[in-house]
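Source file my_file-v5.txt; content: compact mmCIF, C-alpha atoms.
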# COMPACT_ATOMS: atom_id res chain seq x y z
CA ASP R 658 9.45 10.55 -6.05
CA ALA R 659 6.20 12.43 -6.28
CA LYS R 660 5.00 14.11 -3.14
CA THR R 661 1.47 14.39 -1.89
CA THR R 662 0.29 16.71 0.84
CA GLN R 663 -2.46 15.70 3.23
CA PRO R 664 -3.55 17.14 6.57
CA PRO R 665 -2.07 15.06 9.40
CA SER R 666 -5.40 14.53 11.10
CA MET R 667 -9.13 15.16 10.75
CA ASP R 668 -12.22 14.53 12.82
CA CYS R 669 -15.69 13.64 11.67
CA ALA R 670 -18.97 12.96 13.43
CA GLU R 671 -20.57 9.58 12.86
CA GLY R 672 -23.17 9.72 10.11
CA ARG R 673 -21.75 12.86 8.56
CA ALA R 674 -19.73 13.06 5.36
CA ALA R 675 -15.97 12.97 5.68
CA ASN R 676 -14.10 15.01 3.06
CA LEU R 677 -10.39 14.25 2.92
CA PRO R 678 -8.28 16.59 0.76
CA CYS R 679 -5.01 15.84 -1.00
CA ASN R 680 -2.61 17.92 -3.05
CA HIS R 681 -0.57 16.18 -5.75
CA SER R 682 0.79 18.99 -7.90
CA THR R 683 3.59 16.88 -9.45
CA ILE R 684 1.36 14.12 -10.81
CA SER R 685 2.08 13.17 -14.40
CA GLY R 686 -0.56 13.25 -17.09
CA ASN R 687 -1.06 9.51 -17.27
CA GLU R 688 -0.82 8.73 -13.55
CA TYR R 689 -3.89 7.82 -11.59
CA VAL R 690 -4.85 9.12 -8.17
CA TYR R 691 -5.30 6.32 -5.63
CA TRP R 692 -6.74 6.25 -2.14
CA TYR R 693 -6.04 3.56 0.41
CA ARG R 694 -6.73 3.33 4.08
CA GLN R 695 -5.06 1.41 6.86
CA ILE R 696 -6.66 0.38 10.08
CA HIS R 697 -4.19 -0.19 12.88
CA SER R 698 -1.89 -3.18 12.33
CA GLN R 699 -3.68 -4.31 9.17
CA GLY R 700 -2.61 -4.10 5.55
CA PRO R 701 -3.72 -1.07 3.51
CA GLN R 702 -7.16 -1.42 1.98
CA TYR R 703 -7.84 -0.17 -1.54
CA ILE R 704 -10.65 2.39 -1.67
CA ILE R 705 -10.84 4.00 -5.09
CA HIS R 706 -8.77 5.40 -7.94
CA GLY R 707 -9.28 7.70 -10.89
CA LEU R 708 -7.54 9.57 -13.67
CA LYS R 709 -9.55 12.68 -14.58
CA ASN R 710 -13.21 12.08 -14.02
CA ASN R 711 -14.93 11.83 -10.69
CA GLU R 712 -15.40 8.27 -9.53
CA THR R 713 -17.81 6.59 -7.15
CA ASN R 714 -17.98 3.09 -5.75
CA GLU R 715 -19.66 1.42 -2.81
CA MET R 716 -17.10 2.80 -0.39
CA ALA R 717 -16.47 6.37 -1.44
CA SER R 718 -16.43 9.09 -4.06
CA LEU R 719 -13.34 10.66 -5.56
CA ILE R 720 -13.38 14.22 -6.85
CA ILE R 721 -10.37 15.27 -8.94
CA THR R 722 -9.88 18.90 -9.90
CA GLU R 723 -9.69 19.80 -13.56
CA ASP R 724 -5.98 20.60 -13.37
CA ARG R 725 -5.47 17.26 -11.53
CA LYS R 726 -3.34 18.93 -8.87
CA SER R 727 -5.65 18.01 -6.04
CA SER R 728 -8.40 15.60 -5.13
CA THR R 729 -10.92 14.94 -2.39
CA LEU R 730 -12.05 11.60 -1.03
CA ILE R 731 -15.61 11.64 0.24
CA LEU R 732 -17.00 9.08 2.66
CA PRO R 733 -20.70 9.95 2.47
CA HIS R 734 -21.84 8.59 5.84
CA ALA R 735 -18.87 7.98 8.10
CA THR R 736 -19.06 5.24 10.72
CA LEU R 737 -16.80 4.44 13.65
CA ARG R 738 -15.26 1.68 11.53
CA ASP R 739 -14.00 4.30 9.09
CA THR R 740 -11.47 5.48 11.68
CA ALA R 741 -8.12 4.82 9.97
CA VAL R 742 -5.12 6.39 8.28
CA TYR R 743 -6.07 7.47 4.77
CA TYR R 744 -3.37 7.60 2.13
CA CYS R 745 -3.62 9.56 -1.08
CA ILE R 746 -1.23 8.51 -3.84
CA GLY R 747 -0.88 11.05 -6.59
CA GLY R 748 2.16 10.27 -8.67
CA GLY R 749 5.33 8.29 -8.19
CA THR R 750 3.66 5.13 -9.40
CA SER R 751 5.39 2.60 -11.59
CA TYR R 752 5.17 -1.16 -12.05
CA GLY R 753 3.94 -2.50 -8.75
CA LYS R 754 5.07 0.61 -6.92
CA LEU R 755 2.85 2.97 -4.98
CA THR R 756 4.49 5.94 -3.29
CA PHE R 757 2.85 6.42 0.08
CA GLY R 758 3.06 9.64 2.06
CA GLN R 759 2.26 10.12 5.72
CA GLY R 760 -1.50 10.07 5.23
CA THR R 761 -4.36 11.60 7.21
CA ILE R 762 -5.52 10.09 10.48
CA LEU R 763 -9.30 10.25 10.32
CA THR R 764 -11.10 9.85 13.61
CA VAL R 765 -14.84 9.31 13.49
CA HIS R 766 -16.50 10.03 16.81
CA PRO R 767 -20.00 9.27 18.06
CA LYS O 1232 -12.31 -15.14 -3.63
CA ALA O 1233 -9.52 -15.49 -1.10
CA GLY O 1234 -7.42 -12.42 -0.45
CA VAL O 1235 -3.67 -12.04 -0.26
CA THR O 1236 -2.20 -14.41 2.31
CA GLN O 1237 1.07 -13.77 4.09
CA THR O 1238 2.87 -16.21 6.34
CA PRO O 1239 3.94 -16.19 9.03
CA ARG O 1240 2.05 -13.35 10.71
CA TYR O 1241 4.66 -12.80 13.39
CA LEU O 1242 8.33 -13.62 13.53
CA ILE O 1243 11.14 -13.00 15.99
CA LYS O 1244 14.70 -13.35 14.78
CA THR O 1245 18.15 -12.64 16.15
CA ARG O 1246 20.49 -10.09 14.63
CA GLY O 1247 22.67 -11.71 11.96
CA GLN O 1248 20.16 -14.40 11.06
CA GLN O 1249 18.23 -14.55 7.82
CA VAL O 1250 14.49 -14.77 7.28
CA THR O 1251 12.12 -15.79 4.50
CA LEU O 1252 8.60 -14.43 4.24
CA SER O 1253 5.91 -15.86 2.01
CA CYS O 1254 3.06 -14.30 0.05
CA SER O 1255 0.24 -16.00 -1.85
CA PRO O 1256 -1.52 -13.52 -4.16
CA ILE O 1257 -5.17 -13.43 -5.10
CA SER O 1258 -5.93 -16.23 -7.53
CA GLY O 1259 -5.18 -15.09 -11.08
CA HIS O 1260 -3.00 -12.17 -10.05
CA ARG O 1261 0.45 -12.21 -11.60
CA SER O 1262 2.01 -9.12 -10.05
CA VAL O 1263 3.32 -9.23 -6.49
CA SER O 1264 4.89 -6.27 -4.70
CA TRP O 1265 6.57 -6.05 -1.32
CA TYR O 1266 6.65 -3.13 1.08
CA GLN O 1267 8.31 -2.37 4.39
CA GLN O 1268 6.45 -0.29 6.96
CA THR O 1269 8.16 1.30 9.95
CA PRO O 1270 7.03 4.11 12.25
CA GLY O 1271 9.87 6.33 11.09
CA GLN O 1272 9.88 5.74 7.33
CA GLY O 1273 6.29 4.78 6.68
CA LEU O 1274 5.43 2.49 3.78
CA GLN O 1275 8.35 1.94 1.44
CA PHE O 1276 8.42 -0.09 -1.76
CA LEU O 1277 10.88 -2.97 -1.86
CA PHE O 1278 10.35 -4.70 -5.21
CA GLU O 1279 7.80 -6.09 -7.64
CA TYR O 1280 7.64 -9.37 -9.49
CA PHE O 1281 5.58 -10.20 -12.54
CA SER O 1282 5.63 -13.60 -14.22
CA GLU O 1283 8.66 -14.67 -12.17
CA THR O 1284 10.71 -11.60 -13.19
CA GLN O 1285 11.67 -8.69 -11.01
CA ARG O 1286 10.31 -5.70 -12.84
CA ASN O 1287 10.85 -2.92 -10.34
CA LYS O 1288 13.02 -2.32 -7.32
CA GLY O 1289 13.14 0.22 -4.52
CA ASN O 1290 16.12 1.66 -2.68
CA PHE O 1291 17.00 -1.13 -0.32
CA PRO O 1292 20.34 -2.88 0.18
CA GLY O 1293 21.11 -6.18 -1.48
CA ARG O 1294 20.36 -8.02 1.76
CA PHE O 1295 16.73 -7.76 0.69
CA SER O 1296 15.86 -10.12 -2.12
CA GLY O 1297 12.85 -11.89 -3.49
CA ARG O 1298 11.57 -14.33 -6.01
CA GLN O 1299 8.34 -15.41 -7.61
CA PHE O 1300 7.29 -18.90 -8.53
CA SER O 1301 5.35 -20.11 -11.56
CA ASN O 1302 2.13 -20.14 -9.53
CA SER O 1303 2.71 -16.43 -8.73
CA ARG O 1304 3.47 -17.09 -5.07
CA SER O 1305 6.34 -14.96 -3.88
CA GLU O 1306 8.94 -15.02 -1.18
CA MET O 1307 11.20 -12.33 0.14
CA ASN O 1308 14.41 -12.96 1.99
CA VAL O 1309 16.39 -10.74 4.29
CA SER O 1310 19.91 -11.86 5.12
CA THR O 1311 22.17 -10.73 7.94
CA LEU O 1312 19.32 -9.18 9.87
CA GLU O 1313 19.83 -5.85 11.58
CA LEU O 1314 17.82 -4.32 14.39
CA GLY O 1315 16.54 -1.72 11.94
CA ASP O 1316 14.91 -4.42 9.84
CA SER O 1317 12.21 -4.76 12.47
CA ALA O 1318 9.07 -3.78 10.61
CA LEU O 1319 5.75 -4.83 9.16
CA TYR O 1320 6.37 -6.41 5.77
CA LEU O 1321 3.45 -6.19 3.41
CA CYS O 1322 2.75 -7.95 0.18
CA ALA O 1323 0.31 -6.70 -2.45
CA SER O 1324 -1.02 -8.38 -5.56
CA SER O 1325 -2.40 -6.89 -8.71
CA GLY O 1326 -4.32 -8.53 -11.50
CA ARG O 1327 -3.53 -6.65 -14.65
CA GLY O 1328 0.14 -5.98 -14.04
CA THR O 1329 -0.09 -2.59 -15.68
CA MET O 1330 1.20 0.58 -14.11
CA ASN O 1331 -2.16 2.07 -13.27
CA THR O 1332 -4.07 -0.63 -11.51
CA GLU O 1333 -5.30 -1.19 -8.00
CA ALA O 1334 -3.34 -3.42 -5.63
CA PHE O 1335 -4.65 -5.54 -2.80
CA PHE O 1336 -2.61 -5.98 0.35
CA GLY O 1337 -2.21 -8.85 2.74
CA GLN O 1338 -2.24 -8.50 6.51
CA GLY O 1339 1.52 -8.42 6.69
CA THR O 1340 4.27 -10.20 8.57
CA ARG O 1341 5.46 -8.47 11.73
CA LEU O 1342 9.21 -9.08 11.98
CA THR O 1343 11.04 -8.30 15.20
CA VAL O 1344 14.83 -8.48 15.23
CA VAL O 1345 16.41 -8.78 18.67
What would the structure in this file look like if it were written as structure tokens?
Amino acid sequence: DAKTTQPPSMDCAEGRAANLPCNHSTISGNEYVYWYRQIHSQGPQYIIHGLKNNETNEMASLIITEDRKSSTLILPHATLRDTAVYYCIGGGTSYGKLTFGQGTILTVHP
Amino acid sequence: KAGVTQTPRYLIKTRGQQVTLSCSPISGHRSVSWYQQTPGQGLQFLFEYFSETQRNKGNFPGRFSGRQFSNSRSEMNVSTLELGDSALYLCASSGRGTMNTEAFFGQGTRLTVV
């Protein structure tokens, strides 16, 4: 299974941008990069995904490097409700299967 | 649009018993996947169903099984429960059923085996 590397934890001040990095050096050429987050005891929430180009939606922006070996999730104005475990999935996907790593615990503080 | 619904939310079973968990996907979604989440192993893929057929399977023993009905609702069954089966079981549905598509998760069923 593909392996992604994320920092175990990060802190961010409320109102500031949160930039969460992820390395996925074994991603295949046709595999997308996905980001999910999980707030304690709830199911993972889809955030964004992309293949090569940078993507933006109402929740976040996704920046993928040209060689596709790493990506950054950007939450432009973090709030306390953004405190969660953020999972990057970069490879190891197949029908219905997402390969989750350990994720990054993001703590947003006042 | 209603999200993915899992029932029951909480369940306590005795070792050796069997259990059935239910998942109703988002309306129109034909792909349903199941995951097990434990503190030690994290989120692990169990299996995926699409149009009533199991299309993908993770590395779990045969005690874990599932099925999907014609309305896309899915059930998973665990027989001969072990203490280690205590976990949060999550179901996710996907609309397009292709490999590279976003999935939407339910709130999960918390299973405790005593």
Interface residues on chain O facing chain R, 12 Å, all atoms listed in the file, written as a PDB file with C-alpha atoms, in the frame of the given file:
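Below is the file that was written, iface.pdb:
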ATOM      1  CA  GLY O1234      -7.420 -12.420  -0.450  1.00  0.00           C
ATOM      2  CA  VAL O1235      -3.670 -12.040  -0.260  1.00  0.00           C
ATOM      3  CA  THR O1236      -2.200 -14.410   2.310  1.00  0.00           C
ATOM      4  CA  GLN O1237       1.070 -13.770   4.090  1.00  0.00           C
ATOM      5  CA  ARG O1240       2.050 -13.350  10.710  1.00  0.00           C
ATOM      6  CA  TYR O1241       4.660 -12.800  13.390  1.00  0.00           C
ATOM      7  CA  HIS O1260      -3.000 -12.170 -10.050  1.00  0.00           C
ATOM      8  CA  ARG O1261       0.450 -12.210 -11.600  1.00  0.00           C
ATOM      9  CA  SER O1262       2.010  -9.120 -10.050  1.00  0.00           C
ATOM     10  CA  VAL O1263       3.320  -9.230  -6.490  1.00  0.00           C
ATOM     11  CA  SER O1264       4.890  -6.270  -4.700  1.00  0.00           C
ATOM     12  CA  TRP O1265       6.570  -6.050  -1.320  1.00  0.00           C
ATOM     13  CA  TYR O1266       6.650  -3.130   1.080  1.00  0.00           C
ATOM     14  CA  GLN O1267       8.310  -2.370   4.390  1.00  0.00           C
ATOM     15  CA  GLN O1268       6.450  -0.290   6.960  1.00  0.00           C
ATOM     16  CA  THR O1269       8.160   1.300   9.950  1.00  0.00           C
ATOM     17  CA  PRO O1270       7.030   4.110  12.250  1.00  0.00           C
ATOM     18  CA  GLY O1271       9.870   6.330  11.090  1.00  0.00           C
ATOM     19  CA  GLN O1272       9.880   5.740   7.330  1.00  0.00           C
ATOM     20  CA  GLY O1273       6.290   4.780   6.680  1.00  0.00           C
ATOM     21  CA  LEU O1274       5.430   2.490   3.780  1.00  0.00           C
ATOM     22  CA  GLN O1275       8.350   1.940   1.440  1.00  0.00           C
ATOM     23  CA  PHE O1276       8.420  -0.090  -1.760  1.00  0.00           C
ATOM     24  CA  LEU O1277      10.880  -2.970  -1.860  1.00  0.00           C
ATOM     25  CA  PHE O1278      10.350  -4.700  -5.210  1.00  0.00           C
ATOM     26  CA  GLU O1279       7.800  -6.090  -7.640  1.00  0.00           C
ATOM     27  CA  TYR O1280       7.640  -9.370  -9.490  1.00  0.00           C
ATOM     28  CA  PHE O1281       5.580 -10.200 -12.540  1.00  0.00           C
ATOM     29  CA  THR O1284      10.710 -11.600 -13.190  1.00  0.00           C
ATOM     30  CA  GLN O1285      11.670  -8.690 -11.010  1.00  0.00           C
ATOM     31  CA  ARG O1286      10.310  -5.700 -12.840  1.00  0.00           C
ATOM     32  CA  ASN O1287      10.850  -2.920 -10.340  1.00  0.00           C
ATOM     33  CA  LYS O1288      13.020  -2.320  -7.320  1.00  0.00           C
ATOM     34  CA  GLY O1289      13.140   0.220  -4.520  1.00  0.00           C
ATOM     35  CA  ASN O1290      16.120   1.660  -2.680  1.00  0.00           C
ATOM     36  CA  ALA O1318       9.070  -3.780  10.610  1.00  0.00           C
ATOM     37  CA  LEU O1319       5.750  -4.830   9.160  1.00  0.00           C
ATOM     38  CA  TYR O1320       6.370  -6.410   5.770  1.00  0.00           C
ATOM     39  CA  LEU O1321       3.450  -6.190   3.410  1.00  0.00           C
ATOM     40  CA  CYS O1322       2.750  -7.950   0.180  1.00  0.00           C
ATOM     41  CA  ALA O1323       0.310  -6.700  -2.450  1.00  0.00           C
ATOM     42  CA  SER O1324      -1.020  -8.380  -5.560  1.00  0.00           C
ATOM     43  CA  SER O1325      -2.400  -6.890  -8.710  1.00  0.00           C
ATOM     44  CA  GLY O1326      -4.320  -8.530 -11.500  1.00  0.00           C
ATOM     45  CA  ARG O1327      -3.530  -6.650 -14.650  1.00  0.00           C
ATOM     46  CA  GLY O1328       0.140  -5.980 -14.040  1.00  0.00           C
ATOM     47  CA  THR O1329      -0.090  -2.590 -15.680  1.00  0.00           C
ATOM     48  CA  MET O1330       1.200   0.580 -14.110  1.00  0.00           C
ATOM     49  CA  ASN O1331      -2.160   2.070 -13.270  1.00  0.00           C
ATOM     50  CA  THR O1332      -4.070  -0.630 -11.510  1.00  0.00           C
ATOM     51  CA  GLU O1333      -5.300  -1.190  -8.000  1.00  0.00           C
ATOM     52  CA  ALA O1334      -3.340  -3.420  -5.630  1.00  0.00           C
ATOM     53  CA  PHE O1335      -4.650  -5.540  -2.800  1.00  0.00           C
ATOM     54  CA  PHE O1336      -2.610  -5.980   0.350  1.00  0.00           C
ATOM     55  CA  GLY O1337      -2.210  -8.850   2.740  1.00  0.00           C
ATOM     56  CA  GLN O1338      -2.240  -8.500   6.510  1.00  0.00           C
ATOM     57  CA  GLY O1339       1.520  -8.420   6.690  1.00  0.00           C
ATOM     58  CA  THR O1340       4.270 -10.200   8.570  1.00  0.00           C
ATOM     59  CA  ARG O1341       5.460  -8.470  11.730  1.00  0.00           C
TER      60      ARG O1341
END
| task | Could you give me, as a ChimeraX atom specification, the residues within 10 Å of Gly1315 (chain O), counting only C-alpha atoms and dropping anything in the same chain fewer than 6 positions from it? | result | /O:1246,1269,1343-1345
| message | At a cut-off of 10 Å, using all atoms listed in the file, what residues contact Ala741 (chain R)? Leave out same-chain residues fewer than 5 positions from it and give the result as a list in words. | response |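 Returned residues: Tyr693, Arg694, Gln695, Ile696, His697, Pro701, Gly760, Thr761, Ile762, Leu763, Thr764 and Val765 of chain R.
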How would the residues just picked look written out with C-alpha atoms as a PDB file, in the coordinates of the input?
ATOM      1  CA  TYR R 693      -6.040   3.560   0.410  1.00  0.00           C
ATOM      2  CA  ARG R 694      -6.730   3.330   4.080  1.00  0.00           C
ATOM      3  CA  GLN R 695      -5.060   1.410   6.860  1.00  0.00           C
ATOM      4  CA  ILE R 696      -6.660   0.380  10.080  1.00  0.00           C
ATOM      5  CA  HIS R 697      -4.190  -0.190  12.880  1.00  0.00           C
ATOM      6  CA  PRO R 701      -3.720  -1.070   3.510  1.00  0.00           C
ATOM      7  CA  GLY R 760      -1.500  10.070   5.230  1.00  0.00           C
ATOM      8  CA  THR R 761      -4.360  11.600   7.210  1.00  0.00           C
ATOM      9  CA  ILE R 762      -5.520  10.090  10.480  1.00  0.00           C
ATOM     10  CA  LEU R 763      -9.300  10.250  10.320  1.00  0.00           C
ATOM     11  CA  THR R 764     -11.100   9.850  13.610  1.00  0.00           C
ATOM     12  CA  VAL R 765     -14.840   9.310  13.490  1.00  0.00           C
TER      13      VAL R 765
END
| request: Find the residue from O:Glu1306, O:Ile1257, O:Ser1282, O:Asp1316 that sits nearest to Arg1294 (chain O); use all atoms listed in the file when measuring. | output: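 Looking only at the distances to Arg1294 (chain O), the closest residue turns out to be O:Asp1316.
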| message | Rounded to one decimal, what separation in Å do you get between CA of Ser1296 (chain O) and CA of Asn1308 (chain O)? | response | 5.2 Å
| query | How many Å lie between CA of Ser1305 (chain O) and CA of Thr1251 (chain O), rounded to one decimal? | reply |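 Taking CA of Ser1305 (chain O) as the start and CA of Thr1251 (chain O) as the end point, the length is 10.2 Å.
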| query | CA of Cys669 (chain R) to CA of Ile720 (chain R): how many Å, to one decimal? | reply |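 Going from CA of Cys669 (chain R) over to CA of Ile720 (chain R), I get 18.7 Å.
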| query | Excluding same-chain residues fewer than 2 positions from Gly1293 (chain O), what lies within 9 Å of it counting all atoms listed in the file, as a PyMOL selection string? | reply | chain O and resi 1291+1295-1296+1309-1310
| Taking into account all atoms listed in the file, which residue in the set O:Ser1253, O:Ser1258, O:Gln1248, O:Thr1238 is nearest to Met1307 (chain O)? |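 Checking each of O:Ser1253, O:Ser1258, O:Gln1248, O:Thr1238 against Met1307 (chain O), counting all atoms listed in the file, the winner is O:Ser1253.
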| note | Nearest to Gly747 (chain R), restricted to only C-alpha atoms and choosing among R:His766, R:Lys709, R:His681, R:Lys726, comes out as R:His681
So for region 1250-1262 of chain O, what box centre and size do we get, axis-aligned, 4 Å extra on each of the six sides, every listed atom, Å to one decimal, as lines of an AutoDock Vina configuration file?
center_x = 4.3
center_y = -12.7
center_z = -2.2
size_x = 28.4
size_y = 15.1
size_z = 26.9
| request: Compare R:Leu730, R:Met667, R:Ala675, R:Ile746 by their minimum atom-to-atom distance to Ser718 (chain R), counting only C-alpha atoms, and give me the closest one. | output: R:Leu730
